[in-house]
Amino acid sequence: MSQRILITGATGLIGRALADEFRSLGHRTIGLSIDRAGESRCDENYEGSANDPELMQRALRGVEVIVHLAALRSPNLDTPLRTYTLNTSATFNTLSSAAESGVKVAIHASSISVLCCSFSQALLYPSYFPIDEAHPKILSDPYGLSKVADEETVRFIRNRYKIDIYAPRFPYVGDLETLLANRAAKIAADDSFGTQDFWAYLEIRDAVKA
């Protein structure tokens, strides 16, 4: 059965790959992205911020499933305040608007940065391996903090609206041919590279399947 699926951050690596996958399964995709220069592969597109309530309401018309990918994906792209406030407000606006619009399934892209280390200025290490959900949170940057707040928002939306909502914690995501090949070469040359995110990676096709 065909569904209407909204993808925020639709011009990103995962967003483009998801649009292709959903189309192959017969679904119709609606993309929302603030990136004017990026390429969207969705059937319909809205340009603007996931923080905009009116834009979100328009994009959500008839939508049954939402995948929320839109975020500043690093603390190095803006100030600490904007990194935290933009990410957390976009997540709250997106998920609460979706739930109030009757969306029954929502997926929010979380990050392994909720646990430890990825963007820390000091050299930090995980408390133990293998990493599991009980690992303590060792936060030292506004991006990781924003993702912790986002996961609490996910719990709030799930409990308040009783919708199916998931928050997979993605590691570094890349394509096999370019991004992951470059990353592997850097680690081979210097095995301290990647230490703070546990040398973890996820190939884009596996991210889409997840």
# chains A, B, ... in the order shown; residues from 1 in each chain; ligands from 1
call {"tool": "closest_atom_pairs", "arguments": {"of": "segment 142-178 of chain A", "to": "segment 47-67 of chain A", "cutoff": "12 Å", "atoms": "only C-alpha atoms", "output": "Markdown table"}}
result
| residue | atom | partner | partner_atom | distance |
| --- | --- | --- | --- | --- |
| A:Ile163 | CA | A:Val65 | CA | 10.6 |
| A:Asp164 | CA | A:Val65 | CA | 9.8 |
| A:Ile165 | CA | A:Ile66 | CA | 9.5 |
| A:Tyr166 | CA | A:Val67 | CA | 9.6 |
| A:Ala167 | CA | A:Val67 | CA | 9.9 |
| A:Pro168 | CA | A:Val67 | CA | 11.2 |
call {"tool": "closest_residue", "arguments": {"among": "A:Lys186, A:Phe22, A:Ser192, A:Ser110", "to": "Leu123 of chain A", "atoms": "only C-alpha atoms"}}
result
A:Ser192
call {"tool": "residues_around", "arguments": {"residues": "His135 of chain A", "least_positions_apart": "4", "cutoff": "9 Å", "atoms": "only C-alpha atoms", "output": "list of chain:residue names"}}
result
A:Leu115, A:Cys116, A:Pro126, A:Ser127, A:Tyr128, A:Ile131
call {"tool": "select_by_dssp", "arguments": {"residues": "segment 38-208 of chain A", "states": "strand (DSSP E)", "output": "JSON, numbers by chain"}}
result
{"A": [44, 45, 46, 47, 65, 66, 67, 68, 105, 106, 107, 108, 110, 111, 164, 165, 166, 169, 170, 173, 174, 202, 203]}
call {"tool": "decode", "arguments": {"residues": "segment 31-61 of chain A", "atoms": "N, CA and C atoms", "output": "PDB file, in the first residue's frame"}}
result
ATOM      1  N   GLY A  31       9.781  16.094   0.464  1.00  0.00           N
ATOM      2  CA  GLY A  31      11.048  16.528   1.041  1.00  0.00           C
ATOM      3  C   GLY A  31      10.965  17.920   1.621  1.00  0.00           C
ATOM      4  N   LEU A  32      11.611  18.125   2.751  1.00  0.00           N
ATOM      5  CA  LEU A  32      11.744  19.451   3.347  1.00  0.00           C
ATOM      6  C   LEU A  32      13.218  19.674   3.632  1.00  0.00           C
ATOM      7  N   SER A  33      13.760  20.773   3.121  1.00  0.00           N
ATOM      8  CA  SER A  33      15.182  21.033   3.311  1.00  0.00           C
ATOM      9  C   SER A  33      15.450  22.525   3.263  1.00  0.00           C
ATOM     10  N   ILE A  34      16.394  22.960   4.070  1.00  0.00           N
ATOM     11  CA  ILE A  34      16.809  24.361   4.067  1.00  0.00           C
ATOM     12  C   ILE A  34      17.949  24.597   3.092  1.00  0.00           C
ATOM     13  N   ASP A  35      18.515  23.512   2.562  1.00  0.00           N
ATOM     14  CA  ASP A  35      19.689  23.577   1.688  1.00  0.00           C
ATOM     15  C   ASP A  35      19.269  23.844   0.245  1.00  0.00           C
ATOM     16  N   ARG A  36      19.343  25.093  -0.165  1.00  0.00           N
ATOM     17  CA  ARG A  36      18.909  25.458  -1.516  1.00  0.00           C
ATOM     18  C   ARG A  36      19.796  24.841  -2.594  1.00  0.00           C
ATOM     19  N   ALA A  37      21.057  24.610  -2.247  1.00  0.00           N
ATOM     20  CA  ALA A  37      22.004  24.123  -3.256  1.00  0.00           C
ATOM     21  C   ALA A  37      21.945  22.609  -3.411  1.00  0.00           C
ATOM     22  N   GLY A  38      21.316  21.917  -2.456  1.00  0.00           N
ATOM     23  CA  GLY A  38      21.327  20.468  -2.489  1.00  0.00           C
ATOM     24  C   GLY A  38      20.316  19.892  -3.465  1.00  0.00           C
ATOM     25  N   GLU A  39      20.534  18.644  -3.807  1.00  0.00           N
ATOM     26  CA  GLU A  39      19.650  17.938  -4.724  1.00  0.00           C
ATOM     27  C   GLU A  39      18.674  17.082  -3.929  1.00  0.00           C
ATOM     28  N   SER A  40      17.373  17.290  -4.167  1.00  0.00           N
ATOM     29  CA  SER A  40      16.368  16.438  -3.568  1.00  0.00           C
ATOM     30  C   SER A  40      15.861  15.447  -4.605  1.00  0.00           C
ATOM     31  N   ARG A  41      15.607  14.234  -4.178  1.00  0.00           N
ATOM     32  CA  ARG A  41      15.065  13.215  -5.064  1.00  0.00           C
ATOM     33  C   ARG A  41      13.621  12.875  -4.706  1.00  0.00           C
ATOM     34  N   CYS A  42      12.988  13.748  -3.911  1.00  0.00           N
ATOM     35  CA  CYS A  42      11.613  13.516  -3.496  1.00  0.00           C
ATOM     36  C   CYS A  42      10.632  13.924  -4.594  1.00  0.00           C
ATOM     37  N   ASP A  43       9.414  13.417  -4.484  1.00  0.00           N
ATOM     38  CA  ASP A  43       8.379  13.710  -5.480  1.00  0.00           C
ATOM     39  C   ASP A  43       7.838  15.131  -5.324  1.00  0.00           C
ATOM     40  N   GLU A  44       7.753  15.613  -4.084  1.00  0.00           N
ATOM     41  CA  GLU A  44       7.338  16.978  -3.789  1.00  0.00           C
ATOM     42  C   GLU A  44       8.384  17.584  -2.856  1.00  0.00           C
ATOM     43  N   ASN A  45       8.546  18.901  -2.922  1.00  0.00           N
ATOM     44  CA  ASN A  45       9.584  19.511  -2.096  1.00  0.00           C
ATOM     45  C   ASN A  45       9.129  20.834  -1.500  1.00  0.00           C
ATOM     46  N   TYR A  46       9.561  21.067  -0.259  1.00  0.00           N
ATOM     47  CA  TYR A  46       9.354  22.330   0.436  1.00  0.00           C
ATOM     48  C   TYR A  46      10.724  22.845   0.862  1.00  0.00           C
ATOM     49  N   GLU A  47      10.926  24.135   0.689  1.00  0.00           N
ATOM     50  CA  GLU A  47      12.203  24.739   1.061  1.00  0.00           C
ATOM     51  C   GLU A  47      12.019  25.592   2.300  1.00  0.00           C
ATOM     52  N   GLY A  48      12.811  25.321   3.316  1.00  0.00           N
ATOM     53  CA  GLY A  48      12.738  26.102   4.545  1.00  0.00           C
ATOM     54  C   GLY A  48      13.192  25.286   5.730  1.00  0.00           C
ATOM     55  N   SER A  49      12.978  25.839   6.918  1.00  0.00           N
ATOM     56  CA  SER A  49      13.493  25.257   8.144  1.00  0.00           C
ATOM     57  C   SER A  49      12.465  24.357   8.814  1.00  0.00           C
ATOM     58  N   ALA A  50      12.948  23.272   9.397  1.00  0.00           N
ATOM     59  CA  ALA A  50      12.083  22.399  10.192  1.00  0.00           C
ATOM     60  C   ALA A  50      11.634  23.084  11.477  1.00  0.00           C
ATOM     61  N   ASN A  51      12.167  24.265  11.759  1.00  0.00           N
ATOM     62  CA  ASN A  51      11.732  25.054  12.909  1.00  0.00           C
ATOM     63  C   ASN A  51      10.491  25.890  12.606  1.00  0.00           C
ATOM     64  N   ASP A  52      10.055  25.924  11.365  1.00  0.00           N
ATOM     65  CA  ASP A  52       8.940  26.775  10.943  1.00  0.00           C
ATOM     66  C   ASP A  52       7.615  26.018  11.100  1.00  0.00           C
ATOM     67  N   PRO A  53       6.778  26.375  12.070  1.00  0.00           N
ATOM     68  CA  PRO A  53       5.535  25.623  12.308  1.00  0.00           C
ATOM     69  C   PRO A  53       4.576  25.652  11.124  1.00  0.00           C
ATOM     70  N   GLU A  54       4.424  26.802  10.462  1.00  0.00           N
ATOM     71  CA  GLU A  54       3.488  26.898   9.345  1.00  0.00           C
ATOM     72  C   GLU A  54       3.968  26.066   8.157  1.00  0.00           C
ATOM     73  N   LEU A  55       5.255  26.128   7.856  1.00  0.00           N
ATOM     74  CA  LEU A  55       5.811  25.318   6.773  1.00  0.00           C
ATOM     75  C   LEU A  55       5.641  23.836   7.083  1.00  0.00           C
ATOM     76  N   MET A  56       5.877  23.454   8.330  1.00  0.00           N
ATOM     77  CA  MET A  56       5.750  22.052   8.713  1.00  0.00           C
ATOM     78  C   MET A  56       4.319  21.566   8.534  1.00  0.00           C
ATOM     79  N   GLN A  57       3.352  22.390   8.877  1.00  0.00           N
ATOM     80  CA  GLN A  57       1.956  22.000   8.707  1.00  0.00           C
ATOM     81  C   GLN A  57       1.611  21.777   7.238  1.00  0.00           C
ATOM     82  N   ARG A  58       2.133  22.626   6.367  1.00  0.00           N
ATOM     83  CA  ARG A  58       1.872  22.443   4.932  1.00  0.00           C
ATOM     84  C   ARG A  58       2.517  21.159   4.418  1.00  0.00           C
ATOM     85  N   ALA A  59       3.745  20.913   4.847  1.00  0.00           N
ATOM     86  CA  ALA A  59       4.459  19.729   4.366  1.00  0.00           C
ATOM     87  C   ALA A  59       3.827  18.436   4.875  1.00  0.00           C
ATOM     88  N   LEU A  60       3.149  18.488   6.009  1.00  0.00           N
ATOM     89  CA  LEU A  60       2.601  17.295   6.636  1.00  0.00           C
ATOM     90  C   LEU A  60       1.232  16.887   6.105  1.00  0.00           C
ATOM     91  N   ARG A  61       0.646  17.645   5.200  1.00  0.00           N
ATOM     92  CA  ARG A  61      -0.701  17.332   4.718  1.00  0.00           C
ATOM     93  C   ARG A  61      -0.731  15.950   4.065  1.00  0.00           C
TER      94      ARG A  61
END
